[in-house]
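Undergrad: Below is one structure. I have some questions about it.
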Amino acid sequence: MHSYYRNMVLIDGKGAGGCEPEGRQGPVPGKLIEVIDSPEATTMSADLTDCYNWMKRDKAFELDHGMYKEAFNHTSWNYENPFIMNRKMELPFHEQMKTFSEGFGHLDYGAWHGENRGTERYQQYNDVEYVFRTMHLARGKQPYLLIVDDLKKDELNHTYDWNLNLQGDALLWKTTGTPLFRSTSGISGTDLHLCIEETAHNRTVKNILNTHVNFVTPTPKKGDPMLLVRVLWKNADYNYPLPTFERVNGFSRINIPANCTEAAFKILIFPYRFGDFLPVTHWTDDKRILTVEIEEQKDEYTFEKGEKGQTILAMKRDGREIQNTSVKPASPELLTPSSLFTDSLTLAFKTPAGGSGIHYTLDGTMPTRNSPLYSGPVTLKKSARVRAITYTYAWPGGEELAVSEDCVAEFNRVDFLKPASPATYGQGLLTEVFEIKTSIFDEKRILYRQAQYAPCTY
């Protein structure tokens, strides 16, 4: 199925890679980070970066595949696969996929009679820096779902489309609220209220530019099933484009777009009956703390951008700490690359976010919160192995998670010698190098090593 019909975020109209460029089959596996369960809530977070960066290619890559001769009419659509391999393709690197491809997968031809005889390949697809999804189910008298998506493709602005696919008979009843962008404060966001097609409708006639226009709108009654989708945040510079409700090919879906460099969607999904109390949500001005109140229940969420771009989520209910995801602060960003120097070198770090400090050492030992605190550029006069950590003083995950992974860099002082002047010059060598695709099989015809390259000449 195309990525368009999946509950994922598209980047400039392009989602995760499936078995083909259109993404009609399962994408490359993601990585489940953790699942946290308690009576009040369940939280699951995953790293989906590989799903976007890579796509699966159909199998039958081996040129000596018997099916090409025995039933060419069945595999003709796959015939070109052996000839399209290039430097952007490689064997699966996930351990589970490697185990299958290098073992069982080669001994079982499967229901497709050999079409999948060769190992599947991964091909570069939609290069991104990171993609994380955190899903949080808050239990209670009226449960709700909170979805946090963190995405960044590169340093440029892109259109990120957050999608929620719905059953075909879902209808948009109305939208309320105010679109959110970075300069807003304390506003709940945009609400999309959905009902089902069986809901009674009201037909009205309005005069628009001296033309009578018929409007047919749902008119839910008390007790009808409804769904609230509230856009809490998306980290966009502007409030446009606005969320939309679409119906395509029998599907209904909600699309929430954001034009930005780093998308940070926070979406609340709340099923209810028409006439029920709706959640009251409010942000602090710095967008770190969100409160969700439903009748007498009050939940408080603290968010902070952490390691590799993932957002930490920490929940409190009625003042009690409930749970938090295991995300550490981002590691220090060194602005001075590892290098050689002759006299001195100025070492600099990117200024961390407020409430954080960088602690460092120059002798290669692991820094602690008692190590020197970075306050400005440091001058090196001799070789050093620099290690640095970020410590955040009020990290939502508590003291155990408040220290980042360390960053390490080598700086070596050297005395360069002047190059000697050659007495004579001679003609150099002309070299031609050709690279070929090579597959090596063991006695069971199991592929255990492969090199695949495009021919080139130097």
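Every chain in the structure tokens takes a letter, A first, then B, and so on in the order presented; its residues are numbered from 1, and the ligands are numbered from 1 following the presented order.
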Based on the backbone DSSP call, show me all residues of region 268-338 of chain A assigned strand (DSSP E or B), as JSON, numbers by chain.
TA: {"A": [268, 269, 270, 271, 272, 273, 280, 281, 282, 283, 289, 290, 291, 292, 293, 294, 297, 298, 299, 300, 301, 302, 303, 304, 305, 311, 312, 313, 314, 315, 316, 317, 320, 321, 322, 323, 324, 334]}
Undergrad: Can you tell me, as a ChimeraX atom specification, what residues are no more than 12 Å from Lys328 (chain A) when counting only C-alpha atoms, ignoring any on the same chain fewer than 6 positions away?
TA: /A:303-313,356,389-392,394-406
Undergrad: Atoms to include: N, CA, C and O atoms. Write the selected residues as a CSV table (one decimal), in the first residue's frame.
TA:
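Writing the result to selection-v4.csv gives the following:
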chain,number,residue,atom,x,y,z
A,303,PHE,N,7.9,18.2,28.1
A,303,PHE,CA,8.6,17.8,26.9
A,303,PHE,C,9.9,18.5,26.9
A,303,PHE,O,10.0,19.6,27.3
A,304,GLU,N,10.9,17.8,26.3
A,304,GLU,CA,12.2,18.4,26.1
A,304,GLU,C,12.9,17.7,25.0
A,304,GLU,O,12.8,16.5,24.9
A,305,LYS,N,13.5,18.5,24.1
A,305,LYS,CA,14.2,17.9,23.0
A,305,LYS,C,15.5,17.2,23.5
A,305,LYS,O,16.3,17.8,24.2
A,306,GLY,N,15.7,15.9,23.1
A,306,GLY,CA,16.8,15.2,23.7
A,306,GLY,C,17.7,14.6,22.6
A,306,GLY,O,17.9,15.1,21.5
A,307,GLU,N,18.3,13.5,23.0
A,307,GLU,CA,19.4,12.8,22.2
A,307,GLU,C,18.9,12.5,20.8
A,307,GLU,O,17.8,11.9,20.6
A,308,LYS,N,19.7,12.8,19.8
A,308,LYS,CA,19.4,12.5,18.4
A,308,LYS,C,18.1,13.1,17.9
A,308,LYS,O,17.6,12.7,16.8
A,309,GLY,N,17.6,14.1,18.6
A,309,GLY,CA,16.3,14.8,18.1
A,309,GLY,C,15.1,14.3,18.7
A,309,GLY,O,14.0,14.8,18.4
A,310,GLN,N,15.1,13.2,19.5
A,310,GLN,CA,13.9,12.6,20.1
A,310,GLN,C,13.4,13.4,21.3
A,310,GLN,O,14.2,13.9,22.1
A,311,THR,N,12.1,13.6,21.4
A,311,THR,CA,11.5,14.3,22.5
A,311,THR,C,11.2,13.4,23.7
A,311,THR,O,10.7,12.3,23.5
A,312,ILE,N,11.7,13.8,24.9
A,312,ILE,CA,11.3,13.1,26.1
A,312,ILE,C,9.9,13.5,26.5
A,312,ILE,O,9.5,14.6,26.4
A,313,LEU,N,9.1,12.5,27.0
A,313,LEU,CA,7.8,12.7,27.5
A,313,LEU,C,7.7,12.3,29.0
A,313,LEU,O,8.0,11.1,29.3
A,356,SER,N,21.0,24.0,30.7
A,356,SER,CA,22.0,22.9,30.5
A,356,SER,C,23.4,23.5,30.5
A,356,SER,O,23.6,24.7,30.2
A,389,ILE,N,30.3,16.2,28.0
A,389,ILE,CA,28.9,15.8,28.3
A,389,ILE,C,28.0,17.0,28.5
A,389,ILE,O,28.5,18.1,28.8
A,390,THR,N,26.7,16.8,28.3
A,390,THR,CA,25.8,17.8,28.6
A,390,THR,C,25.0,17.4,29.9
A,390,THR,O,24.6,16.3,30.0
A,391,TYR,N,24.9,18.3,30.8
A,391,TYR,CA,24.1,18.1,32.0
A,391,TYR,C,23.0,19.1,32.1
A,391,TYR,O,23.2,20.3,32.0
A,392,THR,N,21.8,18.6,32.2
A,392,THR,CA,20.6,19.4,32.2
A,392,THR,C,20.1,19.4,33.7
A,392,THR,O,19.8,18.3,34.2
A,394,ALA,N,17.3,20.4,35.2
A,394,ALA,CA,15.9,20.0,35.6
A,394,ALA,C,15.4,19.1,34.5
A,394,ALA,O,14.3,19.4,33.9
A,395,TRP,N,16.1,18.1,34.1
A,395,TRP,CA,15.7,17.2,33.1
A,395,TRP,C,14.4,16.4,33.5
A,395,TRP,O,14.4,15.9,34.6
A,396,PRO,N,13.4,16.3,32.6
A,396,PRO,CA,12.2,15.7,32.9
A,396,PRO,C,12.3,14.2,33.4
A,396,PRO,O,11.5,13.7,34.2
A,397,GLY,N,13.4,13.6,32.9
A,397,GLY,CA,13.6,12.2,33.3
A,397,GLY,C,14.3,11.9,34.6
A,397,GLY,O,14.5,10.8,35.0
A,398,GLY,N,14.6,13.0,35.3
A,398,GLY,CA,15.3,12.9,36.6
A,398,GLY,C,16.8,12.8,36.5
A,398,GLY,O,17.4,12.9,35.4
A,399,GLU,N,17.5,12.7,37.6
A,399,GLU,CA,18.9,12.8,37.7
A,399,GLU,C,19.6,11.7,36.9
A,399,GLU,O,20.7,11.8,36.3
A,400,GLU,N,19.0,10.5,36.9
A,400,GLU,CA,19.6,9.4,36.2
A,400,GLU,C,19.7,9.6,34.7
A,400,GLU,O,20.6,9.0,34.1
A,401,LEU,N,18.9,10.3,34.1
A,401,LEU,CA,18.9,10.6,32.7
A,401,LEU,C,19.4,12.0,32.3
A,401,LEU,O,19.4,12.3,31.1
A,402,ALA,N,19.8,12.8,33.3
A,402,ALA,CA,20.1,14.2,33.1
A,402,ALA,C,21.5,14.4,32.4
A,402,ALA,O,21.8,15.5,32.0
A,403,VAL,N,22.3,13.3,32.3
A,403,VAL,CA,23.6,13.4,31.7
A,403,VAL,C,23.6,12.8,30.3
A,403,VAL,O,23.2,11.6,30.1
A,404,SER,N,24.1,13.5,29.3
A,404,SER,CA,24.1,13.0,27.9
A,404,SER,C,25.2,11.9,27.7
A,404,SER,O,26.1,11.7,28.5
A,405,GLU,N,25.1,11.3,26.5
A,405,GLU,CA,26.3,10.5,26.0
A,405,GLU,C,27.4,11.5,25.7
A,405,GLU,O,27.2,12.7,25.4
A,406,ASP,N,28.7,11.0,25.9
A,406,ASP,CA,29.8,11.9,25.7
A,406,ASP,C,30.2,12.0,24.2
A,406,ASP,O,29.9,11.1,23.4
Undergrad: Residues near Lys382 (chain A), anyone? I mean within 9 Å using only C-alpha atoms, not counting same-chain ones fewer than 4 positions away, as number ranges by chain.
TA: A: 341-345, 411-414
Undergrad: Take the selection from the previous step and output its residues with N, CA and C atoms, as a JSON list (two decimals), in the first residue's frame.
TA:
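And here's selection.json as it stands now:
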[["chain", "number", "residue", "atom", "x", "y", "z"],
["A", 341, "PHE", "N", 47.39, 20.65, 14.65],
["A", 341, "PHE", "CA", 47.73, 22.07, 14.73],
["A", 341, "PHE", "C", 49.21, 22.19, 15.11],
["A", 342, "THR", "N", 49.77, 23.36, 14.81],
["A", 342, "THR", "CA", 51.20, 23.55, 15.03],
["A", 342, "THR", "C", 51.52, 24.39, 16.26],
["A", 343, "ASP", "N", 50.82, 25.48, 16.47],
["A", 343, "ASP", "CA", 51.11, 26.37, 17.58],
["A", 343, "ASP", "C", 50.02, 26.29, 18.66],
["A", 344, "SER", "N", 48.82, 26.70, 18.31],
["A", 344, "SER", "CA", 47.68, 26.64, 19.24],
["A", 344, "SER", "C", 46.39, 26.44, 18.44],
["A", 345, "LEU", "N", 45.34, 26.08, 19.15],
["A", 345, "LEU", "CA", 44.05, 25.84, 18.49],
["A", 345, "LEU", "C", 42.94, 26.25, 19.45],
["A", 411, "PHE", "N", 42.82, 16.10, 19.15],
["A", 411, "PHE", "CA", 43.54, 17.25, 18.63],
["A", 411, "PHE", "C", 45.03, 17.04, 18.92],
["A", 412, "ASN", "N", 45.84, 16.99, 17.87],
["A", 412, "ASN", "CA", 47.26, 16.66, 18.02],
["A", 412, "ASN", "C", 48.14, 17.80, 17.52],
["A", 413, "ARG", "N", 49.06, 18.19, 18.38],
["A", 413, "ARG", "CA", 50.03, 19.21, 17.99],
["A", 413, "ARG", "C", 51.21, 18.54, 17.30],
["A", 414, "VAL", "N", 51.61, 19.08, 16.16],
["A", 414, "VAL", "CA", 52.71, 18.49, 15.39],
["A", 414, "VAL", "C", 53.62, 19.60, 14.88]]
Undergrad: Can you tell me which residues surround region 156-166 of chain A at a distance of at most 6 Å, considering only C-alpha atoms, apart from same-chain residues fewer than 5 positions away, and format the answer as a ChimeraX atom specification?
TA: /A:7-12,252-261
Undergrad: Go ahead and save the residues from that selection, with all heavy atoms, as a short mmCIF file (atom, residue, chain, number, x, y, z; two decimals), in the first residue's frame.
TA:
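Printed below is again-v3.cif as written:
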data_model
loop_
_atom_site.label_atom_id
_atom_site.label_comp_id
_atom_site.auth_asym_id
_atom_site.auth_seq_id
_atom_site.Cartn_x
_atom_site.Cartn_y
_atom_site.Cartn_z
N ASN A 7 -0.68 5.72 8.44
CA ASN A 7 -0.68 6.72 9.51
C ASN A 7 0.77 7.12 9.80
O ASN A 7 1.35 6.73 10.81
CB ASN A 7 -1.34 6.14 10.77
CG ASN A 7 -2.79 5.82 10.54
OD1 ASN A 7 -3.49 6.53 9.83
ND2 ASN A 7 -3.26 4.75 11.13
N MET A 8 1.32 7.90 8.90
CA MET A 8 2.71 8.32 9.04
C MET A 8 2.84 9.76 8.56
O MET A 8 1.88 10.38 8.09
CB MET A 8 3.64 7.41 8.24
CG MET A 8 3.36 7.40 6.76
SD MET A 8 4.64 6.55 5.81
CE MET A 8 4.66 4.96 6.60
N VAL A 9 4.03 10.29 8.67
CA VAL A 9 4.31 11.64 8.22
C VAL A 9 5.03 11.57 6.88
O VAL A 9 6.02 10.86 6.73
CB VAL A 9 5.17 12.40 9.24
CG1 VAL A 9 5.41 13.83 8.77
CG2 VAL A 9 4.49 12.40 10.61
N LEU A 10 4.51 12.30 5.90
CA LEU A 10 5.17 12.41 4.60
C LEU A 10 6.08 13.63 4.60
O LEU A 10 5.76 14.66 5.20
CB LEU A 10 4.15 12.53 3.48
CG LEU A 10 3.08 11.44 3.36
CD1 LEU A 10 2.20 11.70 2.15
CD2 LEU A 10 3.73 10.07 3.28
N ILE A 11 7.20 13.51 3.92
CA ILE A 11 8.14 14.61 3.78
C ILE A 11 8.19 14.99 2.32
O ILE A 11 8.65 14.22 1.48
CB ILE A 11 9.55 14.23 4.29
CG1 ILE A 11 9.48 13.69 5.72
CG2 ILE A 11 10.49 15.43 4.20
CD1 ILE A 11 10.79 13.15 6.23
N ASP A 12 7.66 16.17 2.00
CA ASP A 12 7.52 16.61 0.61
C ASP A 12 6.79 15.54 -0.21
O ASP A 12 7.16 15.25 -1.35
CB ASP A 12 8.89 16.90 -0.01
CG ASP A 12 9.59 18.06 0.68
OD1 ASP A 12 8.88 18.94 1.20
OD2 ASP A 12 10.83 18.08 0.70
N SER A 252 -10.99 7.88 4.11
CA SER A 252 -11.03 9.22 4.69
C SER A 252 -9.74 9.43 5.47
O SER A 252 -9.21 8.48 6.05
CB SER A 252 -12.22 9.36 5.65
OG SER A 252 -13.45 9.20 4.95
N ARG A 253 -9.25 10.63 5.46
CA ARG A 253 -8.04 10.88 6.22
C ARG A 253 -7.95 12.35 6.62
O ARG A 253 -8.52 13.23 5.97
CB ARG A 253 -6.79 10.48 5.46
CG ARG A 253 -6.30 11.50 4.46
CD ARG A 253 -4.85 11.23 4.06
NE ARG A 253 -4.33 12.29 3.22
CZ ARG A 253 -3.06 12.40 2.87
NH1 ARG A 253 -2.19 11.50 3.27
NH2 ARG A 253 -2.65 13.40 2.11
N ILE A 254 -7.22 12.58 7.70
CA ILE A 254 -6.90 13.93 8.16
C ILE A 254 -5.44 14.19 7.81
O ILE A 254 -4.57 13.35 8.02
CB ILE A 254 -7.13 14.07 9.67
CG1 ILE A 254 -8.63 14.12 9.97
CG2 ILE A 254 -6.45 15.31 10.22
CD1 ILE A 254 -8.96 14.13 11.43
N ASN A 255 -5.19 15.37 7.26
CA ASN A 255 -3.84 15.78 6.91
C ASN A 255 -3.50 17.06 7.67
O ASN A 255 -4.25 18.04 7.60
CB ASN A 255 -3.71 16.01 5.40
CG ASN A 255 -2.35 16.59 5.03
OD1 ASN A 255 -2.21 17.80 4.88
ND2 ASN A 255 -1.37 15.73 4.88
N ILE A 256 -2.39 17.03 8.40
CA ILE A 256 -1.95 18.19 9.18
C ILE A 256 -0.57 18.60 8.67
O ILE A 256 0.43 17.94 8.98
CB ILE A 256 -1.90 17.85 10.69
CG1 ILE A 256 -3.28 17.39 11.16
CG2 ILE A 256 -1.42 19.06 11.49
CD1 ILE A 256 -3.29 16.82 12.55
N PRO A 257 -0.48 19.64 7.86
CA PRO A 257 0.80 20.03 7.26
C PRO A 257 1.58 21.01 8.13
O PRO A 257 1.01 21.76 8.93
CB PRO A 257 0.38 20.70 5.95
CG PRO A 257 -0.98 21.26 6.24
CD PRO A 257 -1.61 20.42 7.32
N ALA A 258 2.90 20.99 7.97
CA ALA A 258 3.79 21.93 8.66
C ALA A 258 4.98 22.22 7.76
O ALA A 258 5.65 21.28 7.31
CB ALA A 258 4.25 21.38 10.00
N ASN A 259 5.23 23.49 7.49
CA ASN A 259 6.41 23.90 6.73
C ASN A 259 7.48 24.35 7.72
O ASN A 259 7.34 25.39 8.38
CB ASN A 259 6.07 25.03 5.77
CG ASN A 259 5.20 24.56 4.62
OD1 ASN A 259 5.35 23.45 4.16
ND2 ASN A 259 4.28 25.41 4.18
N CYS A 260 8.55 23.57 7.83
CA CYS A 260 9.59 23.88 8.81
C CYS A 260 10.83 23.05 8.53
O CYS A 260 10.84 22.21 7.61
CB CYS A 260 9.08 23.61 10.23
SG CYS A 260 8.44 21.93 10.48
N THR A 261 11.87 23.25 9.31
CA THR A 261 13.09 22.46 9.19
C THR A 261 13.00 21.21 10.06
O THR A 261 13.31 20.11 9.61
CB THR A 261 14.31 23.29 9.61
OG1 THR A 261 14.38 24.46 8.80
CG2 THR A 261 15.59 22.49 9.43
#
Undergrad: Which is closer to Leu151 (chain A) than all the others in A:Leu335, A:Ala264, A:Ala236, A:Ile358, using only C-alpha atoms?
TA: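 With only C-alpha atoms as the atom set, the closest residue is A:Ala264.
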Undergrad: Which one of A:Thr284, A:Asn53, A:Thr351, A:Gln167 sits closest to Tyr130 (chain A) if you count only C-alpha atoms?
TA: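 Looking only at the distances to Tyr130 (chain A), the closest residue turns out to be A:Asn53.
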Undergrad: Any idea what the distance is between CA of Pro220 (chain A) and CA of Leu192 (chain A)?
TA: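 Between CA of Pro220 (chain A) and CA of Leu192 (chain A) the gap works out to 14.4 Å.
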Undergrad: Near region 320-325 of chain A, counting only C-alpha atoms, which residues have an atom at most 8 Å away, once you skip same-chain residues fewer than 4 positions from it, shown as a PDB file with N, CA and C atoms, in the first residue's frame?
TA:
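So selection-v3.pdb came out as:
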ATOM      1  N   GLU A  34      11.400   1.433  23.432  1.00  0.00           N
ATOM      2  CA  GLU A  34      10.944   1.000  24.745  1.00  0.00           C
ATOM      3  C   GLU A  34       9.425   1.008  24.812  1.00  0.00           C
ATOM      4  N   ILE A  36       6.636   1.370  28.075  1.00  0.00           N
ATOM      5  CA  ILE A  36       6.458   1.629  29.507  1.00  0.00           C
ATOM      6  C   ILE A  36       4.976   1.449  29.827  1.00  0.00           C
ATOM      7  N   SER A  38       1.902   1.169  32.907  1.00  0.00           N
ATOM      8  CA  SER A  38       1.462   1.380  34.282  1.00  0.00           C
ATOM      9  C   SER A  38      -0.058   1.427  34.274  1.00  0.00           C
ATOM     10  N   GLU A  40      -1.974   3.762  34.908  1.00  0.00           N
ATOM     11  CA  GLU A  40      -2.489   5.037  34.401  1.00  0.00           C
ATOM     12  C   GLU A  40      -2.225   5.255  32.913  1.00  0.00           C
ATOM     13  N   ALA A  41      -1.156   4.632  32.366  1.00  0.00           N
ATOM     14  CA  ALA A  41      -0.796   4.935  30.982  1.00  0.00           C
ATOM     15  C   ALA A  41       0.154   3.877  30.423  1.00  0.00           C
ATOM     16  N   THR A  43       3.162   3.829  27.263  1.00  0.00           N
ATOM     17  CA  THR A  43       3.909   4.643  26.314  1.00  0.00           C
ATOM     18  C   THR A  43       4.845   3.752  25.515  1.00  0.00           C
ATOM     19  N   SER A  45       7.804   4.055  22.289  1.00  0.00           N
ATOM     20  CA  SER A  45       8.577   4.933  21.407  1.00  0.00           C
ATOM     21  C   SER A  45       9.406   4.091  20.446  1.00  0.00           C
ATOM     22  N   ILE A 312      11.651  13.832  24.887  1.00  0.00           N
ATOM     23  CA  ILE A 312      11.303  13.075  26.078  1.00  0.00           C
ATOM     24  C   ILE A 312       9.896  13.474  26.522  1.00  0.00           C
ATOM     25  N   LEU A 313       9.143  12.513  27.024  1.00  0.00           N
ATOM     26  CA  LEU A 313       7.790  12.743  27.526  1.00  0.00           C
ATOM     27  C   LEU A 313       7.736  12.280  28.974  1.00  0.00           C
ATOM     28  N   ALA A 314       7.379  13.180  29.883  1.00  0.00           N
ATOM     29  CA  ALA A 314       7.237  12.846  31.299  1.00  0.00           C
ATOM     30  C   ALA A 314       5.831  13.205  31.737  1.00  0.00           C
ATOM     31  N   MET A 315       5.127  12.255  32.378  1.00  0.00           N
ATOM     32  CA  MET A 315       3.723  12.440  32.740  1.00  0.00           C
ATOM     33  C   MET A 315       3.536  12.501  34.256  1.00  0.00           C
ATOM     34  N   LYS A 316       2.690  13.437  34.677  1.00  0.00           N
ATOM     35  CA  LYS A 316       2.201  13.502  36.046  1.00  0.00           C
ATOM     36  C   LYS A 316       0.672  13.487  36.009  1.00  0.00           C
ATOM     37  N   PRO A 396      13.418  16.340  32.581  1.00  0.00           N
ATOM     38  CA  PRO A 396      12.158  15.679  32.946  1.00  0.00           C
ATOM     39  C   PRO A 396      12.328  14.230  33.387  1.00  0.00           C
ATOM     40  N   GLY A 397      13.357  13.553  32.907  1.00  0.00           N
ATOM     41  CA  GLY A 397      13.561  12.153  33.261  1.00  0.00           C
ATOM     42  C   GLY A 397      14.250  11.930  34.592  1.00  0.00           C
TER      43      GLY A 397
END
Undergrad: Give me, please, the distance in Å between CA of Pro271 (chain A) and CA of Arg6 (chain A), quoted to one decimal.
TA: 20.1 Å
Undergrad: With only C-alpha atoms as the atoms that count, which of A:Trp173, A:Tyr144, A:Tyr122, A:Phe93 lies nearest to Trp54 (chain A)?
TA: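 Checking each candidate against Trp54 (chain A), we get A:Tyr122 as the closest.
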Undergrad: Ranking A:Thr424, A:Thr431, A:Thr291, A:Thr336 by minimum distance to Asp318 (chain A) and counting only C-alpha atoms, which one comes first?
TA: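 Looking at the shortest contact to Asp318 (chain A), the residue is A:Thr291.
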Undergrad: Rounded to one decimal, what separation in Å do you get between CA of Phe270 (chain A) and CA of Asn249 (chain A)?
TA: 25.8 Å
Undergrad: Which is closest to Glu95 (chain A) among A:Lys152, A:Lys31, A:Leu242, A:Gly168, if we use only C-alpha atoms?
TA: A:Lys31
